[in-house]
>>> print(open('final_24.pdb').read())   # PDB, C-alpha atoms
ATOM      1  CA  MET E 608     -11.376 -34.306  66.660
ATOM      2  CA  PRO E 609      -7.571 -34.565  66.337
ATOM      3  CA  GLN E 610      -5.509 -35.890  69.217
ATOM      4  CA  GLU E 611      -4.320 -33.537  71.956
ATOM      5  CA  ARG E 612      -0.967 -32.049  71.008
ATOM      6  CA  PHE E 613      -0.203 -30.508  74.384
ATOM      7  CA  VAL E 614      -1.898 -29.454  77.588
ATOM      8  CA  VAL E 615      -1.025 -26.391  79.659
ATOM      9  CA  ARG E 616      -2.427 -26.242  83.170
ATOM     10  CA  GLY E 617      -2.481 -22.898  84.899
ATOM     11  CA  ILE E 618      -2.497 -22.370  88.621
ATOM     12  CA  GLY E 619      -6.110 -22.762  89.710
ATOM     13  CA  ARG E 620      -8.111 -20.767  87.197
ATOM     14  CA  ALA E 621      -7.122 -21.650  83.640
ATOM     15  CA  GLY E 622      -5.900 -24.305  81.249
ATOM     16  CA  TYR E 623      -5.355 -24.786  77.528
ATOM     17  CA  VAL E 624      -5.441 -27.874  75.316
ATOM     18  CA  LYS E 625      -3.982 -27.686  71.780
ATOM     19  CA  PHE E 626      -5.101 -30.128  69.109
ATOM     20  CA  GLY E 627      -3.409 -31.102  65.857
ATOM     21  CA  GLY E 628       0.103 -30.342  64.709
ATOM     22  CA  ASP E 629       1.997 -27.629  62.914
ATOM     23  CA  THR E 630      -0.378 -26.195  60.312
ATOM     24  CA  GLN E 631       2.338 -24.618  58.168
ATOM     25  CA  GLU E 632       4.340 -27.850  58.028
ATOM     26  CA  ALA E 633       1.258 -29.884  57.105
ATOM     27  CA  GLN E 634       0.296 -27.425  54.354
ATOM     28  CA  LEU E 635       3.801 -27.425  52.895
ATOM     29  CA  LEU E 636       4.158 -31.229  52.993
ATOM     30  CA  ALA E 637       0.729 -31.727  51.407
ATOM     31  CA  LYS E 638       1.563 -29.047  48.816
ATOM     32  CA  VAL E 639      -1.820 -27.395  49.405
ATOM     33  CA  SER E 640      -0.495 -23.934  50.231
ATOM     34  CA  SER E 641       2.713 -21.966  50.598
ATOM     35  CA  PRO E 642       3.880 -18.720  52.220
ATOM     36  CA  GLY E 643       2.139 -15.717  50.735
ATOM     37  CA  ASN E 644      -0.969 -17.646  49.726
ATOM     38  CA  SER E 645      -4.331 -16.839  51.278
ATOM     39  CA  GLY E 646      -5.013 -19.179  54.189
ATOM     40  CA  PHE E 647      -1.412 -20.255  54.650
ATOM     41  CA  GLY E 648      -0.704 -20.944  58.329
ATOM     42  CA  GLU E 649      -4.363 -20.756  59.355
ATOM     43  CA  GLU E 650      -5.510 -23.657  61.524
ATOM     44  CA  PRO E 651      -8.541 -25.679  60.485
ATOM     45  CA  GLU E 652     -11.322 -25.289  63.059
ATOM     46  CA  GLU E 653     -11.019 -28.910  64.239
ATOM     47  CA  GLU E 654      -7.466 -28.114  65.445
ATOM     48  CA  TRP E 655      -8.376 -25.003  67.437
ATOM     49  CA  GLY E 656      -7.434 -25.122  71.093
ATOM     50  CA  GLU E 657      -9.717 -25.212  74.097
ATOM     51  CA  LEU E 658      -9.246 -22.525  76.734
ATOM     52  CA  THR E 659     -10.808 -23.360  80.091
ATOM     53  CA  THR E 660     -11.257 -20.562  82.619
ATOM     54  CA  THR E 661     -13.157 -19.801  85.804
ATOM     55  CA  ASP E 662     -13.821 -16.740  87.888
ATOM     56  CA  GLY E 663     -13.934 -19.003  90.942
ATOM     57  CA  LYS E 664     -17.662 -18.382  91.477
ATOM     58  CA  SER E 665     -19.801 -19.430  88.521
ATOM     59  CA  GLY E 666     -18.097 -22.621  87.364
ATOM     60  CA  TRP E 667     -15.865 -23.408  84.432
ATOM     61  CA  GLU E 668     -16.149 -22.038  80.902
ATOM     62  CA  VAL E 669     -14.591 -23.770  77.877
ATOM     63  CA  LYS E 670     -14.022 -21.739  74.687
ATOM     64  CA  ARG E 671     -12.661 -22.971  71.367
ATOM     65  CA  VAL E 672      -9.971 -20.540  70.180
ATOM     66  CA  PRO E 673      -7.970 -20.456  66.947
ATOM     67  CA  GLY E 674      -4.199 -20.252  67.106
ATOM     68  CA  LYS E 675      -2.437 -17.243  65.678
ATOM     69  CA  THR E 676      -1.800 -17.560  61.959
ATOM     70  CA  GLY E 677       1.777 -18.687  61.544
ATOM     71  CA  ASN E 678       4.334 -17.272  59.132
ATOM     72  CA  TYR E 679       7.799 -18.814  59.347
ATOM     73  CA  ALA E 680       8.954 -16.868  56.284
ATOM     74  CA  ARG E 681       8.086 -13.522  57.906
ATOM     75  CA  TYR E 682       9.993 -14.520  61.053
ATOM     76  CA  TYR E 683      13.206 -15.185  59.115
ATOM     77  CA  GLU E 684      12.776 -12.083  56.939
ATOM     78  CA  ASN E 685      12.468 -10.037  60.133
ATOM     79  CA  VAL E 686      15.632 -11.563  61.629
ATOM     80  CA  VAL E 687      17.621 -10.666  58.500
ATOM     81  CA  LYS E 688      16.237  -7.114  58.397
ATOM     82  CA  ALA E 689      16.859  -6.624  62.134
ATOM     83  CA  VAL E 690      20.462  -7.807  61.809
ATOM     84  CA  ASN E 691      20.894  -5.333  58.932
ATOM     85  CA  GLY E 692      19.336  -2.495  60.957
ATOM     86  CA  GLN E 693      16.343  -2.145  58.645
ATOM     87  CA  GLU E 694      13.618  -2.831  61.226
ATOM     88  CA  PRO E 695      13.236  -3.779  64.887
ATOM     89  CA  ILE E 696      13.246  -7.443  65.861
ATOM     90  CA  ASP E 697       9.723  -8.848  66.333
ATOM     91  CA  VAL E 698      10.607 -11.738  68.653
ATOM     92  CA  LYS E 699      12.674 -10.430  71.544
ATOM     93  CA  PRO E 700      15.508 -12.599  72.940
ATOM     94  CA  GLU E 701      13.640 -12.920  76.265
ATOM     95  CA  GLU E 702      10.592 -14.278  74.431
ATOM     96  CA  ALA E 703      12.722 -16.767  72.508
ATOM     97  CA  ALA E 704      14.306 -17.912  75.797
ATOM     98  CA  ASP E 705      10.822 -18.459  77.275
ATOM     99  CA  VAL E 706       9.883 -20.614  74.276
ATOM    100  CA  LEU E 707      13.023 -22.698  74.791
ATOM    101  CA  ARG E 708      12.138 -23.164  78.483
ATOM    102  CA  ILE E 709       8.688 -24.384  77.477
ATOM    103  CA  ILE E 710      10.105 -26.796  74.868
ATOM    104  CA  GLU E 711      12.619 -28.160  77.395
ATOM    105  CA  ALA E 712       9.853 -28.644  79.978
ATOM    106  CA  ALA E 713       7.674 -30.420  77.407
ATOM    107  CA  ALA E 714      10.542 -32.786  76.539
ATOM    108  CA  LYS E 715      11.178 -33.472  80.238
ATOM    109  CA  SER E 716       7.464 -34.068  80.832
ATOM    110  CA  TRP E 717       7.302 -36.598  77.999
ATOM    111  CA  LYS E 718      10.541 -38.355  78.983
ATOM    112  CA  GLU E 719       9.642 -38.641  82.667
ATOM    113  CA  GLY E 720       5.907 -39.217  82.136
ATOM    114  CA  ARG E 721       4.842 -36.510  84.553
ATOM    115  CA  TRP E 722       3.640 -32.912  84.759
ATOM    116  CA  VAL E 723       6.453 -30.348  84.773
ATOM    117  CA  GLU E 724       6.111 -26.809  86.081
ATOM    118  CA  VAL E 725       7.428 -23.922  84.000
ATOM    119  CA  HIS E 726       8.163 -20.551  85.605
ATOM    120  CA  LEU E 727       8.545 -17.705  83.129
TER     121      LEU E 727
END
>>> encode(input="final_24.pdb", output="structure tokens")
Amino acid sequence: MPQERFVVRGIGRAGYVKFGGDTQEAQLLAKVSSPGNSGFGEEPEEEWGELTTTDGKSGWEVKRVPGKTGNYARYYENVVKAVNGQEPIDVKPEEAADVLRIIEAAAKSWKEGRWVEVHL
């Protein structure tokens, strides 16, 4: 199994561990797939995350879950079309700001060698 990429700990009843790296980047660098091809951006099963949950009564349950299929090209196409008024923006500014908060917390966690709380 690939190394843990990141760990998210919820408050009390959930957590998530992501394995592997950026699937799209790996596919592009290895020249095995490209945007528009079938399977592009789909994670191999060994890199799926593990979602741990509990209802507080019957113990913990761990499920392997695939990440959403990525598509960098679609993201940038959408930004251009939204700026030109051709379609609504898919990733709202508030969502992008949340992602930046998470990235900043991850960097702080790594630099300081400790868990960092993120409030979204």
>>> residues_around(input="final_24.pdb", residues="Glu668 (chain E)", least_positions_apart="3", cutoff="8 Å", atoms="all atoms listed in the file", output="mmCIF file with C-alpha atoms, in the frame of the given file")
data_model
loop_
_atom_site.group_PDB
_atom_site.id
_atom_site.type_symbol
_atom_site.label_atom_id
_atom_site.label_comp_id
_atom_site.auth_asym_id
_atom_site.auth_seq_id
_atom_site.Cartn_x
_atom_site.Cartn_y
_atom_site.Cartn_z
ATOM 1 C CA THR E 659 -10.808 -23.360 80.091
ATOM 2 C CA THR E 660 -11.257 -20.562 82.619
ATOM 3 C CA THR E 661 -13.157 -19.801 85.804
#
>>> closest_residue(input="final_24.pdb", among="E:Tyr679, E:Arg721, E:Trp667, E:Glu694", to="Ala621 (chain E)", atoms="all atoms listed in the file")
E:Trp667
>>> residues_around(input="final_24.pdb", residues="region 626-640 of chain E", least_positions_apart="3", cutoff="9 Å", atoms="only C-alpha atoms", output="PyMOL selection string")
chain E and resi 608-613+643-651+653-657+676-679
>>> axis_aligned_box(input="final_24.pdb", around="region 681-695 of chain E", padding_each_side="4 Å", output="lines of an AutoDock Vina configuration file")
center_x = 14.5
center_y = -8.7
center_z = 60.9
size_x = 20.8
size_y = 21.0
size_z = 15.9
>>> atom_distance(input="final_24.pdb", atom1="CA of Tyr682 (chain E)", atom2="CA of Pro642 (chain E)")
11.5 Å
>>> residues_around(input="final_24.pdb", residues="Val614 (chain E)", least_positions_apart="5", cutoff="7 Å", atoms="all atoms listed in the file", output="count of residues only")
3
>>> atom_distance(input="final_24.pdb", atom1="CA of Lys675 (chain E)", atom2="CA of Asp697 (chain E)")
14.8 Å
>>> resolve_selection(input="final_24.pdb", expression="the PyMOL selection byres ((chain E and resi 726) around 12)", output="list in words")
Gly617, Ile618, Ala704, Asp705, Val706, Arg708, Ile709, Ala712, Val723, Glu724, Val725 and Leu727 of chain E
>>> atom_distance(input="final_24.pdb", atom1="CA of Glu702 (chain E)", atom2="CA of Leu658 (chain E)")
21.6 Å
>>> build_atoms(input="final_24.pdb", residues="region 697-714 of chain E", atoms="N, CA and C atoms", output="compact mmCIF listing (two decimals), in the frame of the given file")
# COMPACT_ATOMS: atom_id res chain seq x y z
N ASP E 697 11.08 -8.57 65.86
CA ASP E 697 9.72 -8.85 66.33
C ASP E 697 9.72 -9.76 67.56
N VAL E 698 10.55 -10.79 67.54
CA VAL E 698 10.61 -11.74 68.65
C VAL E 698 11.84 -11.40 69.48
N LYS E 699 11.58 -10.87 70.66
CA LYS E 699 12.67 -10.43 71.54
C LYS E 699 13.43 -11.64 72.09
N PRO E 700 14.72 -11.49 72.40
CA PRO E 700 15.51 -12.60 72.94
C PRO E 700 14.87 -13.22 74.18
N GLU E 701 14.27 -12.39 75.05
CA GLU E 701 13.64 -12.92 76.26
C GLU E 701 12.46 -13.82 75.91
N GLU E 702 11.72 -13.46 74.86
CA GLU E 702 10.59 -14.28 74.43
C GLU E 702 11.08 -15.60 73.84
N ALA E 703 12.14 -15.55 73.07
CA ALA E 703 12.72 -16.77 72.51
C ALA E 703 13.22 -17.68 73.62
N ALA E 704 13.82 -17.11 74.66
CA ALA E 704 14.31 -17.91 75.80
C ALA E 704 13.13 -18.58 76.52
N ASP E 705 12.01 -17.86 76.66
CA ASP E 705 10.82 -18.46 77.28
C ASP E 705 10.32 -19.65 76.46
N VAL E 706 10.32 -19.51 75.14
CA VAL E 706 9.88 -20.61 74.28
C VAL E 706 10.79 -21.82 74.48
N LEU E 707 12.10 -21.59 74.56
CA LEU E 707 13.02 -22.70 74.79
C LEU E 707 12.77 -23.36 76.14
N ARG E 708 12.46 -22.58 77.17
CA ARG E 708 12.14 -23.16 78.48
C ARG E 708 10.90 -24.06 78.39
N ILE E 709 9.92 -23.60 77.64
CA ILE E 709 8.69 -24.38 77.48
C ILE E 709 8.98 -25.68 76.71
N ILE E 710 9.76 -25.59 75.65
CA ILE E 710 10.10 -26.80 74.87
C ILE E 710 10.89 -27.78 75.73
N GLU E 711 11.85 -27.28 76.51
CA GLU E 711 12.62 -28.16 77.40
C GLU E 711 11.73 -28.81 78.44
N ALA E 712 10.77 -28.08 78.99
CA ALA E 712 9.85 -28.64 79.98
C ALA E 712 8.95 -29.70 79.33
N ALA E 713 8.51 -29.44 78.11
CA ALA E 713 7.67 -30.42 77.41
C ALA E 713 8.45 -31.71 77.17
N ALA E 714 9.71 -31.60 76.76
CA ALA E 714 10.54 -32.79 76.54
C ALA E 714 10.75 -33.56 77.84
